[in-house]
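Take a look at the structure below.
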Amino acid sequence: YAVAQARPSTLAKYRSLFKKHIIPAFGEVELSKIGVEDIQSLKAEKIGDGLAPRSVKQILGLIRQMLNHAIDGEYIRTTPAKKVKYPTIPKREMDCLSPSEVRLFLQHVPDKWYAFMLTAAVSGMRIGELLAMKWGNIDWNGGRYLVKENLTRKTQTHPKGLAQPK
């Protein structure tokens, strides 16, 4: 299902989570035999192993998706995954450079990289969006740059290239 729906980078993340966490836990278990306790145990085990709460949430989200698709396919009637709460993800404060730190940084950037680093520092663009910048995406009349592409990483199943930005 995800192959047709997800970006290659997302698909690679899903495959990794399935291979490392979900298949070892449930690969030999019939879908109808997976219970709330089983999913709760997996959650507790992953948290106990020191896995980040965000990663545990992603694993639980994939299990929910998998079981929801099983409901759609009429393999099971209900999903026990709905009853397992996601772990709390602690809020982190962003550690951003101050304007004076940005000025100091830009003073030490080689001339050929100055425009790129200035754009990176002030635009809020992601690295893939910065690396995919093109002159043709500049709205000269409006005085703005239009983010139309994102440079993607090469994965085992997808070549490096341009994709739609988030």
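Residue numbers start at 1 in each chain; chains themselves are named A, B, ... in the order of the structure tokens; ligands are numbered from 1 in the order shown.
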What are the DSSP strand (DSSP E or B) residues of chain A, as a list in words?
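In chain A, DSSP puts these residues in strand (DSSP E or B): Ile138, Asp139, Arg144, Tyr145, Asn150, Leu151, Thr152, Gly161, Leu162 and Ala163 of chain A.
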DSSP says alpha helix (DSSP H) for which residues of chain A? Put them as a ChimeraX atom specification?
/A:2-5,8-17,23-26,36-48,53-72,99-107,111-123,127-131
Of the residues A:Ile89, A:Ile39, A:Met133, A:Ala120, which is the one nearest to Phe26 (chain A), using only C-alpha atoms?
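Closest to Phe26 (chain A) of all the choices is A:Ile39.
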If you count only C-alpha atoms, which residues fall within 12 Å of Ala163 (chain A), apart from same-chain ones fewer than 5 positions away, as a VMD selection string?
chain A and resid 6 to 9 128 to 129 131 to 132 147 to 154 158
Give me the residues within 12 Å of Cys96 (chain A) as a PyMOL selection string, counting only C-alpha atoms and dropping any in the same chain fewer than 5 places off.
chain A and resi 101-102+121-122+124
Only all heavy atoms, please: the residues just picked out, written as an mmCIF file, in the first residue's frame.
```
data_model
loop_
_atom_site.group_PDB
_atom_site.id
_atom_site.type_symbol
_atom_site.label_atom_id
_atom_site.label_comp_id
_atom_site.auth_asym_id
_atom_site.auth_seq_id
_atom_site.Cartn_x
_atom_site.Cartn_y
_atom_site.Cartn_z
ATOM 1 N N GLU A 101 25.232 35.899 15.870
ATOM 2 C CA GLU A 101 25.932 34.647 15.541
ATOM 3 C C GLU A 101 25.859 34.361 14.038
ATOM 4 O O GLU A 101 26.828 33.871 13.453
ATOM 5 C CB GLU A 101 25.346 33.486 16.331
ATOM 6 C CG GLU A 101 25.656 33.544 17.820
ATOM 7 C CD GLU A 101 24.890 32.519 18.633
ATOM 8 O OE1 GLU A 101 23.722 32.215 18.291
ATOM 9 O OE2 GLU A 101 25.458 32.017 19.621
ATOM 10 N N VAL A 102 24.735 34.679 13.412
ATOM 11 C CA VAL A 102 24.607 34.506 11.959
ATOM 12 C C VAL A 102 25.590 35.428 11.250
ATOM 13 O O VAL A 102 26.294 35.004 10.321
ATOM 14 C CB VAL A 102 23.159 34.771 11.478
ATOM 15 C CG1 VAL A 102 23.092 34.820 9.954
ATOM 16 C CG2 VAL A 102 22.213 33.711 12.016
ATOM 17 N N ALA A 121 20.433 30.449 6.075
ATOM 18 C CA ALA A 121 20.281 31.032 7.410
ATOM 19 C C ALA A 121 18.981 31.809 7.577
ATOM 20 O O ALA A 121 18.409 31.829 8.666
ATOM 21 C CB ALA A 121 21.470 31.943 7.711
ATOM 22 N N VAL A 122 18.492 32.429 6.508
ATOM 23 C CA VAL A 122 17.338 33.323 6.671
ATOM 24 C C VAL A 122 16.036 32.803 6.069
ATOM 25 O O VAL A 122 14.980 33.360 6.330
ATOM 26 C CB VAL A 122 17.630 34.737 6.100
ATOM 27 C CG1 VAL A 122 18.819 35.359 6.797
ATOM 28 C CG2 VAL A 122 17.829 34.707 4.599
ATOM 29 N N GLY A 124 14.602 29.464 6.126
ATOM 30 C CA GLY A 124 13.834 28.387 6.747
ATOM 31 C C GLY A 124 13.652 27.193 5.834
ATOM 32 O O GLY A 124 12.907 26.267 6.151
#
```
If we count only C-alpha atoms and set the cut-off at 8 Å, which residues sit around region 54-56 of chain A, ignoring sequence neighbours fewer than 4 positions away in its own chain? Please answer as JSON, numbers by chain.
{"A": [43, 46, 47, 60, 86, 87, 89]}
Measuring atom to atom with only C-alpha atoms, identify which of A:Gly136, A:Arg77, A:Leu62, A:Met94 is nearest to Lys19 (chain A).
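Under the stated criterion, the closest residue is A:Leu62.
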I'd like to know which of A:Gln164, A:Pro99, A:Gln58, A:Leu106 is closest to Ser16 (chain A), using only C-alpha atoms.
A:Gln58
Please, what distance in Å, to one decimal, runs between CA of Val36 (chain A) and CA of Lys85 (chain A)?
10.4 Å
